Each structure stands twice: as C-alpha cells, then as structure tokens.
There are 2 protein chains.
Amino acid sequence: MKDRIYGGIETGGTKFVCGVGTAPDNIVKTQFATTSPDESIGKAIDFFKNNSDQEQLIAIGIASFGPVDLDKNSPTYGYITTTPKDSWSNISIVEKIRSQLSVPVVIDTDVNGAALGEQVWGAARGLDTFIYLTVGTGIGGGGIVNGGLMHGLLHPEMGHIRVPHDWEKDPYRGCCPFHGDCLEGLASGKAMELRWGQSPENLPAEHPAWELEAGYLASAINNFIYTISPQRIIVGGGLIKNPDLMPAVRQKVLESLNGYLHSEAITRDIDHYIVAPELGDLAGVIGALELAKRIRQGI
Amino acid sequence: MKDRIYGGIETGGTKFVCGVGTAPDNIVKTQFATTSPDESIGKAIDFFKNNSDQEQLIAIGIASFGPVDLDKNSPTYGYITTTPKDSWSNISIVEKIRSQLSVPVVIDTDVNGAALGEQVWGAARGLDTFIYLTVGTGIGGGGIVNGGLMHGLLHPEMGHIRVPHDWEKDPYRGCCPFHGDCLEGLASGKAMELRWGQSPENLPAEHPAWELEAGYLASAINNFIYTISPQRIIVGGGLIKNPDLMPAVRQKVLESLNGYLHSEAITRDIDHYIVAPELGDLAGVIGALELAKRIRQGI
C-alpha cells in the first residue's frame with residue numbers, strides 16, 4: 001500500500017502554487033499564473049489528478065488570498081468574499097475542489113498558511129506568537145497567537161490598516177478600492193507600480209520609492225508589534241527580494257519604537273526579529289499541506 | 001474555617017483600586033490616588049492586612065499600567081519598566097507586595113486584567129478572541145486571543161500605535177515622550193488637556209475636541225480590527241463617560257472599514273461590537289482577582 005500524501009494549494013494574487021507530498025523535501029509541485037477562477041482551479045485539479053491516486057491522497061489544504069469565509073457554520077464557508085481581484089468575488093473554491101477530487105478540503109488565508117508552514121518547518125519553529133506578512137502585489141498578514149492560527153471574528157486583514165501618510169512627501173492617493181491610502185493602498189507592489197509608472201523590480205536601488213516603501217512597512221510593523229507583541233515577524237512576498245529593503249525596514253522600525261520596548265530580541269537582535277521566510281516562496285504551499293494534515297488530526 | 005479569598009489590585013495612572021473577596025458581588029474594595037510607589041503600594045498592603053487574615057488570603061493579582069516585565073524567568077519579573085510616569089520606572093511591585101503579605105503574587109497589564117474580568121463576569125463571556133481598550137489619562141489595550149491572555153514577546157502596548165495625523169486639521173504635535181504623535185500622544189486624556197488647555201470633562205459636547213477624539217479612536221480600532229479580527233471590542237476608561245463619544249466612534253469605524261469586512265456582527269450590530277465594560281470601573285480589579293485565582297489553578 002502506498003504512503004499517505006497530502007495536497008496543498010497556495011492561491012496568490014499573481015500565481016497558484018500546488019504541491020502534493022508530505023514535507024518540504026518530499027513534495028511534487030507546480031505553479032502557474034492566476035487567471036480566471038475556472039481556469040486556475042481547473043489546472044490545480046488536473047495537477048492533483050495527475051500526481052496522486054485516490055487511495056493515497058488524504059486531504060487538501062488551501063492557503064488563499066482573502067477575504068475568505070472561514071466560518072464552518074456559514075453557508076458560504078470556503079468562499080472568497082469581497083476581494084478587489086476582479087472575477088474572484090464569491091467564488092466557492094473549497095466546494096469546487098472537493099467535488100472534483102472527493103477528499104476533505106480545508107481553507108485558510110495565504111498568510112495563515114504560510115505562518116503554519118514556517119512554524120512547522122521554518123523561521124517560527126518553537127514560537128507560539130508570531131506574524132507572517134506578505135508584501136507583493138497586495139499586502140496581507142496573519143499568524144499564530146497563543147499557539148493557534150489567528151481567526152477571531154473572521155481573519156486578520158493586516159494589509160488594510162491605516163498608517164501615517166505624509167501627503168507632502170507622497171502625494172499619491174493610494175490604490176485600495178475600499179480604503180484609498182491604507183497600507184496596501186500605499187505600499188503594495190500595485191501601489192508602487194501605479195505611483196512610479198513602472199514595475200517595482202525595475203526601480204533602481206537608489207530610487208526614492210524604496211525609502212518610502214521601507215517607511216510604510218516599518219510604520220505598519222511598529223503597529224503590529226505594539227498590538228500583538230509577536231516573538232518574531234516573518235516578511236515574505238515579491239518586494240522583499242530587493243536586498244536593501246529588509247535592512248532599511250529594520251532600521252526604521254527601531255527608530256519608530258524609539259527605545260520604548262525593553263527587549264533585547266528587538267533592540268539587539270532585530271536581524272533575527274524581522275526575518276524572511278526560511279521556506280521562501282514555498283511557505284504558503286507547505287503551510288497549505290500542513291493545513292491538510294491537520295484535518296485528520298482534528299485540530 | 002473561613003472561606004478562601006483573593007486579592008486584586010488595579011494600579012492605574014490616576015488611582016489604585018484594591019479589592020478582596022471572591023466575585024464582583026462578594027468583594028470589599030477601596031480606592032485612592034496614585035502617588036509615589038512607596039505610598040501607594042503601602043496603602044494597598046495596609047488594605048489587605050486590614051481586610052483579610054493570613055489563612056484566608058490565598059493569592060494576590062495585580063493589573064498594572066505598563067510596560068511590565070511579565071517574563072517569569074527574568075530577573076526583573078513583576079517590574080514596571082519604562083513607563084512615562086515619573087518615579088514609577090523600575091519598580092518591583094510584585095516583590096514589594098509579596099514580601100509584606102507572604103502570599104503568591106501575579107501580575108499582568110491593567111488591560112489584560114480588565115479583559116479577563118470581562119471574560120469571566122462581563123461583556124466578553126463566551127468569547128475567545130477580543131480586546132479591551134482603556135482611554136483615560138493614557139491609552140492601553142490588551143485582550144484574549146485564542147483563549148489566552150495576550151503576551152507574546154512582552155505584552156501589547158496598543159496605545160502606542162501610529163495613526164494618520166492630519167497636521168492641518170490638528171497641529172498639536174502629540175505628548176508621548178517616546179513617540180510624539182502616537183495614539184496615546186494624540187488621543188489620551190493628557191493629550192486632550194494639553195491640546196485644549198482644559199481637562200476633557202470640562203470640554204462641552206459641541207467642542208471640536210470630541211470629533212477629533214472620535215476620529216483617532218476609530219482609526220485605532222479600525223487597525224485593531226484588521227490586525228486581530230476580534231469578536232468584540234470593549235472600551236473602558238474615563239473619556240468614554242462622555243455619552244456622545246462611543247456612538248461617534250462606532251459611526252467612524254463603519255466609515256473607515258467601508259464595507260470591506262462581511263460580518264453582520266460589525267455591519268449590522270456595531271452597538272454590540274464596540275461596547276463599554278459591563279463591570280465598568282471595576283473590570284481591572286475584578287480581573288486582578290481572577291488572575292490571583294488562576295495562580296492556584298496553575299493556568
């Protein structure tokens with residue numbers, strides 16, 4: 001009899017990542033651009049059909065961009081609800097996959113999934129209270145507090161906090177269709193592209209865009225520190241691939257906290273306090289796979 | 001043999017509240033102004049000596065203004081650390097009380113204490129993820145997430161988040177000695193008094209101070225909702241005694257969220273989502289007493 005395996009899907013704003021297996025070093029994976037719901041979900045289903053057989057595949061976890069309805073008693077459980085992403089609103093991603101693959105399917109946010117992946121296999125091993133931020137096309141945040149994934153009433157939507165916006169220094173009005181100049185509206189990859197007229201990866205290191213970006217991210221991280229008191233902050237996503245960004249963010253976080261918090265974990269060891277995901281771009285899909293494992297563990 | 005009783009102390013910026021007993025309807029209490037550490041702590045010790053005998057009094061809980069060192073492995077466990085309050089920095093409040101009363105003493109923040117009191121006896125019964133804010137001389141926030149008091153690396157210091165500050169509308173630079181115009185620097189009772197030259201309780205209902213205040217609090221609550229996704233937000237403290245403030249805050253929170261979150265608990269029932277503490281000014285001391293009970297329960 002073949003070993004049990006699990007499936008994970010990270011549905012991101014720009015791409016889907018699918019994996020099937022048991023662990024980071026024992027996984028078959030693929031990725032493709034996020035297009036329409038039918039096309040993207042169809043490709044994911046085909047991947048699982050082609051890379052597992054039904055007696056092996058125990059469950060599938062989805063780490064999705066949000067907002068997602070995570071209330072298992074809700075008639076719209078597993079739906080993506082009010083996303084700004086056209087055509088993805090009110091999509092029942094869980095049901096579409098369950099009905100095609102006939103296995104249990106669980107969903108959480110992309111950032112909660114990535115947080116779980118990092119806790120099991122990466123930068124958050126041994127921690128019970130930490131957050132995971134992603135800074136890419138959009139901005140999101142989730143995490144684990146007191147050992148449990150952050151849910152509460154719905155789930156965190158950390159990208160939509162408001163941060164100070166100096167209109168003289170940055171007259172850009174923000175691109176969030178709901179909030180204008182919330183964090184995502186000011187500091188997402190989409191905001192950078194709209195503000196500067198070119199894709200962030202084409203902005204040179206000395207461009208003022210990066211100082212501004214570091215300031216917004218530091219301001220948000222300052223707020224998350226004071227609100228949650230995380231033991232670590234993991235920052236993933238496309239924008240942090242600029243190697244100068246994280247050091248600039250760390251420096252500005254220290255300036256913003258200004259010595260108020262007496263913790264050497266922050267004041268002396270900021271390089272290990274605000275970190276990149278150890279699983280890199282695979283944090284989400286590995287976390288989704290861990291979500292799937294938990295279905296049978298009843299957690 | 002007499003029944004077991006517990007002691008609770010809420011150490012606030014303006015007053016100490018002490019109680020001894022078992023429950024909100026079975027408690028002897030007192031309160032007095034917060035002055036110097038020796039005088040205030042001395043009065044608390046005298047109160048417990050006069051209202052209990054040693055075989056009855058099992059433990060004492062303290063709900064303290066912060067920052068407080070809550071790390072039981074730290075040499076400064078139970079110390080108030082970098083408070084802006086003169087003469088209270090580096091005060092070992094736990095040890096001073098334990099050494100005089102010879103009972104176990106536990107400490108948490110005033111707002112975590114109040115949150116616990118509200119969970120056991122008040123507006124948060126049955127909830128596992130909610131926050132408690134106090135808006136008085138200072139601003140603080142704590143709460144319970146996934147069933148546990150919010151600690152993490154240190155403990156939340158929600159009063160020190162940064163919120164948008166429109167310098168044209170409000171040229172006041174803020175009074176936080178660490179951060180200038182953080183939330184506490186802009187919206188605490190102290191900030192109102194310094195900005196307007198009079199104590200908040202003397203500012204009439206039509207004074208523009210209140211609209212500004214509601215805006216800052218709503219901005220902060222917007223951020224806490226997006227960061228933690230609480231099932232409820234309890235707001236205590238002296239400033240909310242203005243009966244117009246909470247309705248104005250609720251309205252501005254709805255405007256700020258702008259329909260992004262699909263939850264009727266917020267969109268249809270905001271009056272029961274952002275609420276005053278049911279225990280009123282006693283939330284802190286009752287919560288402190290519940291902290292004391294937990295010592296023997298090993299939680």
# chains A, B, ... in the order shown; residues from 1 in each chain; ligands from 1
>>> interface_residues(of="chain A", to="chain B", cutoff="9 Å", atoms="only C-alpha atoms", output="PyMOL selection string")
chain A and resi 67+69+81-83+128-130+141-142+145-166+178-179+219-220+222-232+256-263+265
>>> residues_around(residues="Ile139 in chain A", least_positions_apart="5", cutoff="12 Å", atoms="only C-alpha atoms", output="short mmCIF file (atom, residue, chain, number, x, y, z; two decimals) with C-alpha atoms, in the first residue's frame")
data_model
loop_
_atom_site.label_atom_id
_atom_site.label_comp_id
_atom_site.auth_asym_id
_atom_site.auth_seq_id
_atom_site.Cartn_x
_atom_site.Cartn_y
_atom_site.Cartn_z
CA GLY A 12 -1.95 34.07 -4.76
CA GLY A 13 -2.77 37.30 -6.50
CA PHE A 65 -5.82 35.31 -0.74
CA GLY A 66 -8.78 36.84 1.03
CA ASP A 110 -2.47 32.53 2.39
CA VAL A 111 -0.66 34.26 5.23
CA TYR A 132 3.67 36.44 8.81
CA LEU A 133 3.38 39.34 6.38
CA THR A 134 3.45 39.16 2.63
CA PRO A 156 -6.85 39.32 10.07
CA GLU A 157 -6.60 41.61 7.05
CA MET A 158 -3.42 43.34 8.15
CA GLY A 159 -2.82 44.94 4.77
CA HIS A 160 -5.75 47.26 5.37
CA ILE A 161 -4.58 49.07 8.48
CA CYS A 176 -7.07 50.39 -2.42
CA CYS A 182 -4.44 52.14 3.70
CA LEU A 183 -1.18 50.17 3.93
CA GLU A 184 -1.95 48.08 0.86
CA GLY A 185 -3.12 51.19 -0.96
CA LEU A 186 0.22 52.89 -0.33
CA ALA A 187 2.83 50.15 -0.13
CA SER A 188 1.76 47.14 -2.21
CA GLY A 189 3.56 46.28 -5.41
CA LYS A 190 0.49 47.51 -7.26
CA ALA A 191 0.69 50.87 -5.46
CA TYR A 216 5.36 52.46 5.28
CA LEU A 217 6.32 48.90 6.08
CA ALA A 220 2.91 49.01 9.90
CA VAL A 235 8.10 39.06 5.91
CA GLY A 236 7.68 37.30 2.59
CA GLY A 237 6.45 38.32 -0.83
CA GLY A 238 7.95 39.62 -4.02
CA LEU A 239 9.04 43.07 -2.89
CA ILE A 240 11.43 41.87 -0.21
#
>>> residues_around(residues="Arg250 in chain B", least_positions_apart="4", cutoff="9 Å", atoms="only C-alpha atoms", output="MDAnalysis selection string")
chainID B and resid 214 218 245:246 254:255 270:271 273:274
>>> residues_around(residues="Ile41 in chain A", least_positions_apart="5", cutoff="9 Å", atoms="only C-alpha atoms", output="list in words")
Phe16, Ser36, Asp46, Ile93, Lys96 and Ile97 of chain A
>>> write_last_selection(atoms="C-alpha atoms", output="mmCIF file, in the first residue's frame")
data_model
loop_
_atom_site.group_PDB
_atom_site.id
_atom_site.type_symbol
_atom_site.label_atom_id
_atom_site.label_comp_id
_atom_site.auth_asym_id
_atom_site.auth_seq_id
_atom_site.Cartn_x
_atom_site.Cartn_y
_atom_site.Cartn_z
ATOM 1 C CA PHE A 16 -1.125 29.443 -7.970
ATOM 2 C CA SER A 36 -9.937 33.175 -14.138
ATOM 3 C CA ASP A 46 -5.658 18.400 -13.052
ATOM 4 C CA ILE A 93 -13.071 27.438 -4.065
ATOM 5 C CA LYS A 96 -15.148 23.292 -6.484
ATOM 6 C CA ILE A 97 -12.124 21.272 -5.434
#
>>> select_by_dssp(residues="range 109-280 of chain B", states="helix (DSSP H, G or I)", output="MDAnalysis selection string")
chainID B and resid 110:121 158:160 183:187 189:196 200:202 208:228 238:241 245:257 264:267 270:273 280
>>> residues_around(residues="Ala23 in chain A", least_positions_apart="4", cutoff="9 Å", atoms="only C-alpha atoms", output="MDAnalysis selection string")
chainID A and resid 27 121 286 289:290
>>> write_last_selection(atoms="N, CA and C atoms", output="mmCIF file, in the first residue's frame")
data_model
loop_
_atom_site.group_PDB
_atom_site.id
_atom_site.type_symbol
_atom_site.label_atom_id
_atom_site.label_comp_id
_atom_site.auth_asym_id
_atom_site.auth_seq_id
_atom_site.Cartn_x
_atom_site.Cartn_y
_atom_site.Cartn_z
ATOM 1 N N ILE A 27 7.988 16.474 -1.914
ATOM 2 C CA ILE A 27 6.812 17.124 -2.492
ATOM 3 C C ILE A 27 7.022 17.282 -4.000
ATOM 4 N N TRP A 121 8.170 24.085 9.796
ATOM 5 C CA TRP A 121 9.404 23.770 9.064
ATOM 6 C C TRP A 121 10.393 24.930 8.943
ATOM 7 N N ILE A 286 3.528 24.860 1.431
ATOM 8 C CA ILE A 286 3.864 23.912 2.511
ATOM 9 C C ILE A 286 2.873 24.082 3.670
ATOM 10 N N LEU A 289 -0.309 22.408 2.845
ATOM 11 C CA LEU A 289 -0.169 20.967 3.044
ATOM 12 C C LEU A 289 -0.291 20.619 4.534
ATOM 13 N N GLU A 290 0.272 21.468 5.391
ATOM 14 C CA GLU A 290 0.129 21.237 6.833
ATOM 15 C C GLU A 290 -1.317 21.413 7.287
#
>>> closest_residue(among="B:Pro171, B:Pro75, B:Pro104, B:Pro37", to="Gly7 in chain B", atoms="only C-alpha atoms")
B:Pro104
>>> atom_distance(atom1="CA of Ala124 in chain A", atom2="CA of Val106 in chain B")
28.6 Å
>>> residues_around(residues="Gly19 in chain B", least_positions_apart="4", cutoff="9 Å", atoms="only C-alpha atoms", output="VMD selection string")
chain B and resid 6 to 10 27 to 31 47 to 48 285 to 286 288 to 289
>>> write_last_selection(atoms="N, CA and C atoms", output="short mmCIF file (atom, residue, chain, number, x, y, z; two decimals), in the first residue's frame")
data_model
loop_
_atom_site.label_atom_id
_atom_site.label_comp_id
_atom_site.auth_asym_id
_atom_site.auth_seq_id
_atom_site.Cartn_x
_atom_site.Cartn_y
_atom_site.Cartn_z
N TYR B 6 -9.40 36.09 47.73
CA TYR B 6 -8.31 36.52 46.85
C TYR B 6 -8.24 38.04 46.85
N GLY B 7 -7.06 38.54 46.55
CA GLY B 7 -6.90 39.99 46.48
C GLY B 7 -6.63 40.44 45.05
N GLY B 8 -7.14 41.60 44.72
CA GLY B 8 -6.86 42.18 43.41
C GLY B 8 -6.47 43.64 43.56
N ILE B 9 -5.52 44.07 42.76
CA ILE B 9 -5.13 45.48 42.75
C ILE B 9 -5.09 45.94 41.30
N GLU B 10 -5.79 47.02 41.00
CA GLU B 10 -5.58 47.67 39.73
C GLU B 10 -4.78 48.93 39.99
N ILE B 27 -17.13 41.25 47.43
CA ILE B 27 -15.81 41.87 47.44
C ILE B 27 -15.85 43.12 48.32
N VAL B 28 -14.80 43.30 49.09
CA VAL B 28 -14.60 44.55 49.84
C VAL B 28 -13.56 45.34 49.06
N LYS B 29 -13.83 46.62 48.82
CA LYS B 29 -12.88 47.35 47.99
C LYS B 29 -12.60 48.74 48.50
N THR B 30 -11.52 49.30 47.97
CA THR B 30 -11.17 50.68 48.30
C THR B 30 -10.46 51.27 47.10
N GLN B 31 -10.36 52.57 47.07
CA GLN B 31 -9.52 53.19 46.04
C GLN B 31 -8.90 54.47 46.57
N PHE B 47 -4.44 47.89 53.25
CA PHE B 47 -5.83 47.48 52.98
C PHE B 47 -5.98 45.96 53.10
N PHE B 48 -5.05 45.22 52.51
CA PHE B 48 -5.18 43.75 52.58
C PHE B 48 -4.97 43.26 54.02
N VAL B 285 -9.94 45.63 38.65
CA VAL B 285 -9.71 45.00 39.96
C VAL B 285 -10.33 43.60 40.01
N ILE B 286 -11.48 43.42 39.37
CA ILE B 286 -12.09 42.07 39.32
C ILE B 286 -11.19 41.15 38.48
N ALA B 288 -7.98 41.45 38.18
CA ALA B 288 -6.80 41.17 39.02
C ALA B 288 -7.11 40.03 39.98
N LEU B 289 -8.30 40.05 40.52
CA LEU B 289 -8.72 38.98 41.44
C LEU B 289 -8.80 37.64 40.70
#
